$ cat protein.cif   # mmCIF, C-alpha atoms
data_structure
#
loop_
_atom_site.label_atom_id
_atom_site.label_comp_id
_atom_site.auth_asym_id
_atom_site.auth_seq_id
_atom_site.Cartn_x
_atom_site.Cartn_y
_atom_site.Cartn_z
CA MET A 1 89.08 39.51 -105.77
CA ASN A 2 90.99 38.30 -102.83
CA TRP A 3 92.79 35.26 -104.03
CA ILE A 4 94.38 37.14 -106.87
CA GLY A 5 96.20 39.31 -104.41
CA SER A 6 97.28 36.28 -102.46
CA GLY A 7 99.86 34.95 -104.86
CA GLY A 8 98.63 34.81 -108.42
CA CYS A 9 96.84 31.98 -110.12
CA PRO A 10 96.04 29.16 -107.70
CA ALA A 11 97.44 25.72 -108.33
CA TYR A 12 93.93 24.58 -109.11
CA PHE A 13 93.76 26.76 -112.21
CA LEU A 14 97.29 25.97 -113.29
CA ALA A 15 96.44 22.30 -113.31
CA ARG A 16 93.28 22.91 -115.31
CA MET A 17 94.74 25.40 -117.71
CA THR A 18 97.78 23.38 -118.61
CA GLY A 19 95.29 20.68 -119.51
CA ARG A 20 97.11 17.99 -117.58
CA LYS A 21 95.84 14.59 -118.57
CA GLN A 22 93.98 12.67 -115.95
CA PRO A 23 94.50 9.01 -116.70
CA GLY A 24 92.14 6.56 -115.10
CA ALA A 25 89.40 9.11 -114.48
CA GLY A 26 86.28 7.50 -113.13
CA GLN A 27 88.11 5.46 -110.51
CA GLU A 28 86.26 4.99 -107.26
CA ALA A 29 87.42 3.80 -103.89
CA SER A 30 85.86 3.63 -100.49
CA ARG A 31 86.97 2.35 -97.13
CA GLU A 32 85.70 2.30 -93.61
CA MET A 33 88.11 3.63 -91.03
CA VAL A 34 88.13 4.04 -87.29
CA VAL A 35 89.52 7.08 -85.53
CA THR A 36 92.24 5.66 -83.32
CA ASN A 37 94.26 8.64 -82.17
CA GLN A 38 93.75 9.75 -78.62
CA LYS A 39 91.97 13.06 -79.06
CA GLY A 40 90.01 12.37 -82.20
CA ILE A 41 90.02 14.55 -85.29
CA HIS A 42 90.53 17.98 -83.81
CA ALA A 43 92.16 20.93 -85.55
CA ARG A 44 95.64 19.53 -86.15
CA PRO A 45 94.64 16.06 -87.37
CA ALA A 46 91.94 17.69 -89.50
CA ALA A 47 94.57 19.94 -91.06
CA MET A 48 96.82 16.93 -91.69
CA PHE A 49 94.00 14.98 -93.26
CA VAL A 50 93.09 17.87 -95.53
CA LYS A 51 96.72 18.44 -96.45
CA ALA A 52 97.05 14.80 -97.43
CA ALA A 53 93.73 14.81 -99.29
CA GLN A 54 94.59 17.93 -101.25
CA ARG A 55 97.55 16.31 -102.93
CA PHE A 56 95.15 14.18 -104.95
CA HIS A 57 93.04 15.22 -107.90
CA CYS A 58 90.13 13.04 -106.97
CA ASP A 59 87.14 14.25 -104.98
CA ILE A 60 87.29 12.97 -101.43
CA TYR A 61 84.32 12.66 -99.11
CA VAL A 62 84.18 11.66 -95.47
CA GLU A 63 81.03 10.26 -93.97
CA LYS A 64 80.11 9.80 -90.34
CA ASP A 65 76.69 8.75 -89.05
CA GLY A 66 75.05 9.51 -92.37
CA GLU A 67 76.55 12.96 -92.60
CA MET A 68 78.92 13.58 -95.49
CA VAL A 69 81.51 16.33 -95.80
CA ASN A 70 84.28 17.27 -98.19
CA GLY A 71 87.53 15.57 -97.23
CA LYS A 72 89.47 18.60 -98.43
CA SER A 73 87.64 20.94 -96.07
CA ILE A 74 88.95 21.60 -92.57
CA MET A 75 85.63 23.04 -91.45
CA GLY A 76 83.86 20.00 -92.85
CA LEU A 77 86.05 17.54 -90.96
CA MET A 78 85.86 19.51 -87.74
CA MET A 79 82.09 19.64 -88.02
CA LEU A 80 81.95 15.85 -87.89
CA ALA A 81 83.45 15.97 -84.38
CA ALA A 82 84.91 12.52 -84.96
CA GLY A 83 86.14 11.46 -81.53
CA PRO A 84 88.28 8.41 -80.79
CA GLY A 85 86.52 5.22 -81.78
CA SER A 86 84.14 6.82 -84.25
CA ARG A 87 83.72 5.20 -87.63
CA LEU A 88 84.29 7.09 -90.83
CA THR A 89 83.75 6.08 -94.42
CA VAL A 90 86.25 7.70 -96.74
CA ARG A 91 85.22 7.76 -100.40
CA ALA A 92 87.16 9.01 -103.34
CA GLU A 93 86.18 9.58 -106.95
CA GLY A 94 88.66 10.40 -109.69
CA ASP A 95 91.89 9.36 -111.34
CA ASP A 96 93.92 8.69 -108.20
CA ALA A 97 91.10 7.54 -105.91
CA THR A 98 92.65 4.24 -104.83
CA LYS A 99 95.94 5.82 -103.89
CA ALA A 100 94.22 8.60 -102.01
CA VAL A 101 92.15 6.25 -99.89
CA ALA A 102 95.20 4.12 -99.12
CA GLU A 103 97.21 7.13 -98.05
CA LEU A 104 94.43 8.50 -95.86
CA GLU A 105 94.02 5.13 -94.23
CA HIS A 106 97.73 5.06 -93.52
CA LEU A 107 97.43 8.47 -91.91
CA LEU A 108 94.51 7.43 -89.71
CA HIS A 109 95.49 3.91 -88.79
CA SER A 110 99.28 3.67 -88.97
CA THR A 111 100.73 7.06 -88.23
CA LYS A 112 97.74 8.20 -86.15
CA PHE A 113 98.62 11.75 -87.12
CA ASN A 114 101.92 11.49 -85.28
CA GLN A 115 104.25 11.78 -88.24
CA GLU A 116 104.86 14.40 -90.81
CA LEU A 117 103.57 13.49 -94.24
CA PRO A 118 106.05 12.03 -96.67
CA ASP A 119 106.86 14.25 -99.61
CA ALA A 120 104.54 13.86 -102.53
CA MET B 1 78.58 12.12 -105.31
CA LYS B 2 74.93 11.66 -104.54
CA PRO B 3 73.85 13.65 -101.50
CA ILE B 4 72.60 11.70 -98.52
CA ILE B 5 69.11 12.50 -97.30
CA ARG B 6 68.45 11.38 -93.77
CA HIS B 7 65.00 10.74 -92.43
CA PRO B 8 65.60 10.83 -88.72
CA GLU B 9 64.04 8.27 -86.45
CA VAL B 10 62.27 9.91 -83.55
CA SER B 11 62.04 8.03 -80.27
CA VAL B 12 59.78 9.00 -77.42
CA ASP B 13 62.89 9.91 -75.48
CA LYS B 14 64.00 12.31 -78.19
CA PHE B 15 60.57 13.91 -78.24
CA TYR B 16 60.54 14.10 -74.44
CA LYS B 17 63.97 15.72 -74.19
CA GLY B 18 63.68 17.87 -77.31
CA GLY B 19 60.30 19.26 -76.36
CA ALA B 20 60.80 19.34 -72.60
CA GLU B 21 60.96 23.12 -72.28
CA LEU B 22 58.27 23.97 -74.79
CA LEU B 23 55.79 21.26 -73.84
CA GLY B 24 56.51 20.96 -70.13
CA LEU B 25 56.34 17.18 -70.21
CA LYS B 26 56.61 15.25 -66.96
CA LEU B 27 57.15 11.50 -67.02
CA LEU B 28 54.62 9.67 -64.84
CA ALA B 29 55.13 6.01 -65.78
CA GLY B 30 56.57 3.63 -68.33
CA SER B 31 60.14 4.91 -68.39
CA ASN B 32 61.29 1.54 -69.74
CA GLY B 33 59.48 2.36 -73.00
CA LEU B 34 61.29 5.59 -73.77
CA GLN B 35 63.05 4.00 -76.71
CA ARG B 36 59.75 3.42 -78.51
CA ILE B 37 59.69 4.96 -81.96
CA ILE B 38 57.09 7.52 -82.97
CA ARG B 39 56.08 6.43 -86.44
CA GLU B 40 53.83 9.30 -87.49
CA PRO B 41 54.67 12.95 -86.85
CA THR B 42 51.37 13.92 -85.31
CA VAL B 43 49.02 13.26 -82.40
CA ASN B 44 45.75 11.43 -81.90
CA ARG B 45 42.99 11.60 -79.30
CA PRO B 46 42.01 8.03 -78.44
CA GLY B 47 38.46 8.80 -77.31
CA LEU B 48 36.79 6.32 -79.66
CA VAL B 49 39.18 3.52 -78.72
CA LEU B 50 38.40 4.10 -75.06
CA THR B 51 34.71 3.65 -75.77
CA GLY B 52 35.48 0.41 -77.60
CA PHE B 53 35.57 1.35 -81.29
CA THR B 54 39.04 0.30 -82.41
CA LYS B 55 38.78 0.36 -86.22
CA HIS B 56 41.20 2.79 -87.90
CA PHE B 57 42.90 3.51 -84.60
CA ALA B 58 45.89 5.76 -85.38
CA SER B 59 48.10 3.85 -82.98
CA LYS B 60 51.41 5.02 -84.47
CA ARG B 61 50.85 8.52 -83.14
CA ILE B 62 51.30 10.12 -79.75
CA GLN B 63 48.03 9.69 -77.86
CA VAL B 64 46.70 12.79 -76.15
CA LEU B 65 44.10 12.56 -73.42
CA GLY B 66 42.32 15.74 -72.43
CA SER B 67 39.53 16.50 -70.00
CA ALA B 68 36.94 14.71 -72.17
CA GLU B 69 38.85 11.40 -72.16
CA ASP B 70 39.70 11.83 -68.50
CA ALA B 71 36.10 12.52 -67.51
CA TYR B 72 34.90 9.57 -69.57
CA LEU B 73 37.37 7.19 -67.92
CA ARG B 74 36.37 8.45 -64.48
CA SER B 75 32.70 7.82 -65.25
CA LEU B 76 33.40 4.07 -65.56
CA PRO B 77 33.49 1.60 -62.67
CA ALA B 78 37.02 0.60 -61.61
CA ALA B 79 37.03 -2.89 -63.17
CA GLU B 80 35.82 -1.56 -66.50
CA ARG B 81 38.35 1.27 -66.34
CA GLU B 82 41.15 -1.22 -65.98
CA ARG B 83 39.82 -3.37 -68.81
CA ARG B 84 39.72 -0.36 -71.16
CA ALA B 85 43.20 0.74 -70.17
CA VAL B 86 44.62 -2.73 -70.73
CA ARG B 87 42.92 -2.96 -74.13
CA LEU B 88 44.40 0.38 -75.11
CA MET B 89 47.88 -0.77 -74.07
CA ARG B 90 47.69 -3.74 -76.40
CA TYR B 91 48.34 -1.41 -79.29
CA ARG B 92 51.91 -0.41 -79.95
CA VAL B 93 51.31 3.26 -79.26
CA PRO B 94 54.46 5.34 -78.67
CA CYS B 95 53.26 7.17 -75.55
CA PHE B 96 50.36 8.89 -73.79
CA VAL B 97 50.16 12.53 -72.79
CA PHE B 98 47.61 13.89 -70.32
CA SER B 99 47.00 17.60 -70.83
CA ARG B 100 45.97 20.23 -68.24
CA ASN B 101 48.12 18.54 -65.60
CA LEU B 102 45.47 15.84 -65.29
CA THR B 103 46.58 12.92 -63.16
CA PRO B 104 45.63 9.60 -64.69
CA ASP B 105 44.33 7.12 -62.18
CA LEU B 106 46.59 4.44 -60.77
CA LEU B 107 45.05 1.62 -62.79
CA PHE B 108 45.96 3.41 -66.00
CA LEU B 109 49.51 4.09 -64.83
CA LYS B 110 49.96 0.49 -63.73
CA ALA B 111 48.73 -0.86 -67.06
CA ALA B 112 51.13 1.51 -68.89
CA GLU B 113 54.02 0.56 -66.63
CA SER B 114 53.58 -3.14 -67.27
CA ALA B 115 53.11 -2.60 -71.02
CA GLY B 116 56.20 -0.37 -71.10
CA ILE B 117 54.44 2.62 -72.60
CA PRO B 118 55.52 6.03 -71.27
CA VAL B 119 52.84 8.29 -69.80
CA PHE B 120 53.43 12.03 -69.54
CA SER B 121 51.53 14.98 -68.21
CA THR B 122 51.70 18.54 -69.47
CA PRO B 123 50.35 21.75 -67.95
CA LEU B 124 49.18 22.92 -71.40
CA ILE B 125 45.54 22.79 -72.46
CA THR B 126 44.86 20.07 -75.02
CA MET B 127 44.57 22.29 -78.07
CA ARG B 128 47.75 24.18 -77.29
CA PHE B 129 49.64 20.94 -76.63
CA ILE B 130 48.43 19.46 -79.92
CA ASN B 131 49.59 22.54 -81.87
CA LEU B 132 52.99 22.70 -80.24
CA ALA B 133 53.59 18.95 -80.32
CA THR B 134 52.73 18.81 -84.02
CA LEU B 135 55.21 21.60 -84.79
CA THR B 136 57.89 19.96 -82.65
CA LEU B 137 57.36 16.61 -84.36
CA GLU B 138 57.37 18.24 -87.79
CA MET B 139 60.82 19.66 -87.08
CA MET B 140 62.11 16.39 -85.63
CA PHE B 141 60.86 14.36 -88.59
CA ALA B 142 62.13 16.85 -91.18
CA PRO B 143 64.43 15.21 -93.74
CA ARG B 144 67.95 16.58 -93.49
CA GLY B 145 71.33 16.42 -95.10
CA THR B 146 74.53 18.33 -95.65
CA ASP B 147 75.35 20.53 -98.59
CA LEU B 148 79.01 20.85 -99.48
CA GLY B 149 78.88 24.59 -99.92
CA SER B 150 79.24 27.75 -97.90
CA MET B 151 76.17 29.78 -97.12
CA VAL B 152 75.73 33.54 -96.88
CA ASP B 153 72.69 35.68 -96.27
CA VAL B 154 72.87 38.39 -98.92
CA PHE B 155 70.29 41.01 -98.01
CA GLY B 156 67.67 38.43 -97.14
CA VAL B 157 68.55 36.04 -99.96
CA GLY B 158 70.02 32.82 -98.60
CA VAL B 159 72.79 31.82 -101.01
CA ILE B 160 74.65 28.54 -100.95
CA ILE B 161 77.98 28.88 -102.73
CA ARG B 162 79.30 25.65 -104.17
CA GLY B 163 82.48 24.90 -106.02
CA GLU B 164 85.46 22.60 -106.00
CA SER B 165 87.93 22.88 -103.21
CA GLY B 166 90.42 25.62 -104.03
CA ILE B 167 88.23 27.54 -106.44
CA GLY B 168 87.85 30.47 -104.08
CA LYS B 169 84.65 29.86 -102.14
CA SER B 170 85.95 31.02 -98.79
CA GLU B 171 87.57 34.12 -100.29
CA CYS B 172 84.29 34.94 -101.99
CA VAL B 173 82.40 34.48 -98.72
CA LEU B 174 84.91 36.65 -96.91
CA ALA B 175 84.47 39.42 -99.46
CA LEU B 176 80.69 39.18 -99.01
CA ILE B 177 81.06 39.48 -95.24
CA GLU B 178 83.24 42.55 -95.73
CA ARG B 179 80.38 44.04 -97.71
CA GLY B 180 78.13 43.67 -94.70
CA TYR B 181 76.37 40.38 -95.41
CA SER B 182 76.17 37.55 -92.91
CA LEU B 183 77.87 34.19 -92.85
CA VAL B 184 75.61 31.22 -92.18
CA SER B 185 78.13 28.45 -92.65
CA ASP B 186 81.56 27.91 -94.14
CA ASP B 187 82.30 25.05 -96.51
CA VAL B 188 79.55 22.76 -95.26
CA THR B 189 75.93 23.63 -94.57
CA ARG B 190 73.35 21.53 -92.78
CA VAL B 191 70.07 21.58 -94.64
CA THR B 192 66.61 20.72 -93.33
CA LEU B 193 63.38 20.42 -95.24
CA VAL B 194 60.83 22.40 -93.26
CA ASP B 195 57.14 21.79 -93.78
CA GLY B 196 57.88 19.75 -96.88
CA ARG B 197 58.49 22.85 -99.00
CA GLU B 198 61.25 25.08 -97.65
CA VAL B 199 64.92 24.24 -97.35
CA VAL B 200 66.63 25.87 -94.40
CA GLY B 201 70.40 25.98 -94.19
CA MET B 202 72.25 26.24 -90.91
CA SER B 203 75.68 25.93 -89.44
CA ALA B 204 76.76 23.02 -87.29
CA GLU B 205 77.10 24.01 -83.66
CA THR B 206 80.69 22.78 -83.55
CA THR B 207 81.99 25.12 -86.20
CA ARG B 208 79.47 27.96 -85.90
CA ASP B 209 80.75 31.52 -86.57
CA HIS B 210 84.09 30.24 -87.81
CA MET B 211 85.60 29.92 -91.23
CA GLU B 212 88.84 28.83 -92.75
CA VAL B 213 90.79 31.18 -94.95
CA ARG B 214 93.64 29.62 -96.82
CA GLY B 215 96.95 31.01 -95.67
CA ILE B 216 95.55 32.53 -92.51
CA GLY B 217 93.79 29.61 -90.92
CA ILE B 218 90.61 29.51 -88.89
CA ILE B 219 89.06 32.84 -88.03
CA ASN B 220 86.17 33.74 -85.76
CA VAL B 221 83.96 35.79 -88.03
CA ALA B 222 81.65 37.05 -85.26
CA ALA B 223 84.58 38.29 -83.19
CA MET B 224 86.33 39.84 -86.14
CA PHE B 225 83.43 41.48 -87.98
CA GLY B 226 80.78 41.80 -85.27
CA VAL B 227 77.57 39.96 -84.51
CA ARG B 228 75.76 41.18 -87.58
CA SER B 229 78.24 39.26 -89.74
CA VAL B 230 76.84 35.89 -88.67
CA ARG B 231 73.51 34.14 -88.40
CA THR B 232 72.76 30.57 -87.51
CA GLU B 233 70.13 29.73 -90.11
CA LYS B 234 68.46 31.02 -93.23
CA ARG B 235 66.09 29.74 -95.88
CA VAL B 236 67.96 28.68 -99.01
CA ASP B 237 66.83 30.85 -101.95
CA LEU B 238 69.67 30.43 -104.39
CA VAL B 239 72.56 28.12 -105.19
CA VAL B 240 75.59 29.60 -106.95
CA THR B 241 78.13 27.18 -108.35
CA LEU B 242 81.58 28.54 -109.04
CA LYS B 243 83.26 26.67 -111.84
CA CYS B 244 86.56 27.01 -113.60
CA TRP B 245 86.11 29.07 -116.79
CA GLU B 246 87.68 26.39 -118.99
CA GLU B 247 85.27 23.73 -117.77
CA VAL B 248 82.12 25.66 -118.43
CA LYS B 249 80.93 24.75 -121.89
CA ASP B 250 77.66 26.57 -122.35
CA VAL B 251 76.99 29.20 -119.85
CA ASP B 252 73.61 30.91 -120.05
CA ARG B 253 74.26 34.29 -121.64
CA VAL B 254 70.71 35.61 -121.37
CA GLY B 255 69.20 33.98 -118.33
CA ILE B 256 65.54 34.07 -119.35
CA GLU B 257 64.97 30.56 -118.08
CA GLN B 258 65.65 30.06 -114.41
CA GLN B 259 67.79 26.96 -113.81
CA HIS B 260 67.26 24.84 -110.72
CA VAL B 261 69.09 22.31 -108.60
CA LYS B 262 67.39 20.03 -106.12
CA ILE B 263 68.21 20.08 -102.44
CA LEU B 264 66.32 17.50 -100.36
CA GLY B 265 64.06 17.09 -103.39
CA ILE B 266 63.10 20.77 -103.56
CA PRO B 267 64.10 22.74 -106.69
CA ILE B 268 66.20 25.79 -105.77
CA PRO B 269 67.16 28.49 -108.30
CA HIS B 270 70.67 27.86 -109.54
CA ILE B 271 73.24 30.07 -111.22
CA LEU B 272 76.54 28.85 -112.64
CA ILE B 273 79.31 31.42 -112.53
CA PRO B 274 82.45 30.76 -114.56
CA VAL B 275 85.51 31.72 -112.55
CA ARG B 276 88.58 33.30 -114.04
CA PRO B 277 91.31 35.28 -112.35
CA GLY B 278 90.22 38.89 -112.35
CA ARG B 279 86.50 38.30 -111.93
CA ASP B 280 85.12 39.79 -108.76
CA LEU B 281 83.30 36.74 -107.43
CA ALA B 282 81.72 38.42 -104.44
CA ARG B 283 80.25 41.11 -106.66
CA LEU B 284 78.88 38.46 -109.03
CA VAL B 285 77.30 36.45 -106.21
CA GLU B 286 75.80 39.67 -104.86
CA VAL B 287 74.28 40.53 -108.22
CA ALA B 288 73.02 36.96 -108.62
CA ALA B 289 71.27 37.28 -105.27
CA PHE B 290 69.69 40.60 -106.23
CA GLN B 291 68.58 39.14 -109.55
CA THR B 292 66.90 36.29 -107.67
CA LYS B 293 65.18 38.77 -105.39
CA LEU B 294 63.95 40.78 -108.37
CA ARG B 295 62.63 37.66 -110.02
CA ALA B 296 60.78 36.71 -106.86
CA THR B 297 59.01 40.07 -106.96
CA GLY B 298 58.00 39.53 -110.58
CA HIS B 299 60.76 41.34 -112.45
CA ASN B 300 62.55 39.31 -115.05
CA ALA B 301 65.09 41.59 -116.68
CA PRO B 302 66.05 39.33 -119.61
CA LYS B 303 62.41 38.66 -120.40
CA ASP B 304 61.43 42.32 -120.09
CA LEU B 305 64.22 43.29 -122.44
CA ASP B 306 63.29 40.56 -124.87
CA ASP B 307 59.64 41.65 -124.83
CA ARG B 308 60.75 45.19 -125.60
CA LEU B 309 62.91 43.96 -128.45
CA VAL B 310 60.11 41.85 -129.91
CA SER B 311 57.68 44.74 -129.78
CA ILE B 312 60.17 47.10 -131.47
CA MET B 313 60.64 44.57 -134.27
CA ARG B 314 56.92 44.07 -134.61
CA ASN B 315 56.50 47.82 -135.09
CA GLN B 316 59.19 47.75 -137.79
CA VAL B 317 57.10 45.27 -139.73
CA ALA B 318 54.02 47.45 -139.26
CA ASP B 319 55.89 50.48 -140.63
#
$ encode --input "protein.cif" --output "structure tokens"
Amino acid sequence: MNWIGSGGCPAYFLARMTGRKQPGAGQEASREMVVTNQKGIHARPAAMFVKAAQRFHCDIYVEKDGEMVNGKSIMGLMMLAAGPGSRLTVRAEGDDATKAVAELEHLLHSTKFNQELPDA
Amino acid sequence: MKPIIRHPEVSVDKFYKGGAELLGLKLLAGSNGLQRIIREPTVNRPGLVLTGFTKHFASKRIQVLGSAEDAYLRSLPAAERERRAVRLMRYRVPCFVFSRNLTPDLLFLKAAESAGIPVFSTPLITMRFINLATLTLEMMFAPRGTDLGSMVDVFGVGVIIRGESGIGKSECVLALIERGYSLVSDDVTRVTLVDGREVVGMSAETTRDHMEVRGIGIINVAAMFGVRSVRTEKRVDLVVTLKCWEEVKDVDRVGIEQQHVKILGIPIPHILIPVRPGRDLARLVEVAAFQTKLRATGHNAPKDLDDRLVSIMRNQVAD
């Protein structure tokens, strides 16, 4: 298997195996956002979005024009071809859903993908 | 998260542009009505309505006029012809199509223009147009959605691989490609319900042939592994869900009963594979695909084995 060779047990499994508690599971959050950066969500913004999304446990989904993709998937986000001005609905489900949505909104609306992410 | 099923709205314009090449449509009048919505995915021949019988008129469909309708209209005196055309235009039909390159007379075109109903002509004969238009409409009306999984064609078995982000989907897909199978789509698959019974998965044009491999980035699969390593669409025959070993409570150890998941309302065979470091996921998905293929041809290994076991035990009793 490939991912074994690529650096041992992925963080995903570590989190599950150590049985970390997930307080507040079942939280849900959703917010409509507008793509405001100049070139839309191309490769680099998509990577930044995914990077930000991955720091949360919750499931994150991004919807555009009735099409929904995984917010932790670069290919998914790129498939949306969300150009400047397009409307996205970001939904999150899980223990840290509210925080995740707030952070992603900050990334889209305030920093417009121009800043490095703050440390988690 | 509940999947979204979209039932696309099909305008005359969409039909016109989408079927332009296949149907050879030429717009003759009524361009201001191109935004009209086609409400039923089929066609109708309005012969009876032209003669005056308007009960049960299937006015939501595309109206096709062939040589019979054309000849009938031409047999009428001009004033009557106009009256019939105007009466026809009172219905909210989406559009008219004249087959065999027939040219409708000016009165008809004028009536359509003022009612804002597009009129097209096609070089096809009526029957051929009806067949092709029905197929085109069927595709355009097909319910669609997105599945949050990768899709691979494993020896003719279309497999959607689902699993949480980070569980090793892409790595599994990559290993399958290395074994000679073809990538349909990475991480997100567009699905369409064809003919009301088959789910077809395809890649989005934007991201076609590409996939993301953690640590390396985005790769072009077609360029790296050759054209046979990709295909744009494939019927979905199997869904494999990869799940963390610790989270799987009761995994089916025998597999006599085929499990299913629904995609666009259609039940698709489903296999849950518990993931643990050290398990060769690609090999497991491959075997799951072969097992599905065997089942489809009437072989059910667990059941066959169970039958054998039962018969051996029955013989023990007889002894």
$ residues_around --input "protein.cif" --residues "Leu135 of chain B" --least-positions-apart "3" --cutoff "12 Å" --atoms "all atoms listed in the file" --output "list in words"
Phe15, Gly18, Gly19, Leu22, Leu23, Pro41, Thr42, Val43, Arg128, Phe129, Ile130, Asn131, Leu132, Glu138, Met139, Met140, Phe141, Ala142, Val194 and Asp195 of chain B
$ resolve_selection --input "protein.cif" --expression "the PyMOL selection byres ((chain B) within 6 of (chain A))" --output "VMD selection string"
chain B and resid 171 188 206 to 207 280
$ resolve_selection --input "protein.cif" --expression "the PyMOL selection byres ((chain B and resi 57) around 12)" --output "tab-separated table (two decimals) with C-alpha atoms, in the frame of the given file"
chain	number	residue	atom	x	y	z
B	43	VAL	CA	49.02	13.26	-82.40
B	44	ASN	CA	45.75	11.43	-81.90
B	45	ARG	CA	42.99	11.60	-79.30
B	46	PRO	CA	42.01	8.03	-78.44
B	47	GLY	CA	38.46	8.80	-77.31
B	48	LEU	CA	36.79	6.32	-79.66
B	49	VAL	CA	39.18	3.52	-78.72
B	50	LEU	CA	38.40	4.10	-75.06
B	52	GLY	CA	35.48	0.41	-77.60
B	53	PHE	CA	35.57	1.35	-81.29
B	54	THR	CA	39.04	0.30	-82.41
B	55	LYS	CA	38.78	0.36	-86.22
B	56	HIS	CA	41.20	2.79	-87.90
B	58	ALA	CA	45.89	5.76	-85.38
B	59	SER	CA	48.10	3.85	-82.98
B	60	LYS	CA	51.41	5.02	-84.47
B	61	ARG	CA	50.85	8.52	-83.14
B	62	ILE	CA	51.30	10.12	-79.75
B	63	GLN	CA	48.03	9.69	-77.86
B	88	LEU	CA	44.40	0.38	-75.11
B	90	ARG	CA	47.69	-3.74	-76.40
B	91	TYR	CA	48.34	-1.41	-79.29
B	92	ARG	CA	51.91	-0.41	-79.95
B	93	VAL	CA	51.31	3.26	-79.26
$ closest_residue --input "protein.cif" --among "A:Glu105, A:Val34, A:Thr98, A:Phe49" --to "Pro84 of chain A" --atoms "only C-alpha atoms"
A:Val34
$ resolve_selection --input "protein.cif" --expression "the PyMOL selection byres ((chain B and resi 240) around 7)" --output "number ranges by chain"
B: 159-162, 238-239, 241-242, 270-273
$ residues_around --input "protein.cif" --residues "Arg87 of chain A" --least-positions-apart "3" --cutoff "7 Å" --atoms "all atoms listed in the file" --output "PyMOL selection string"
chain A and resi 32-35+64
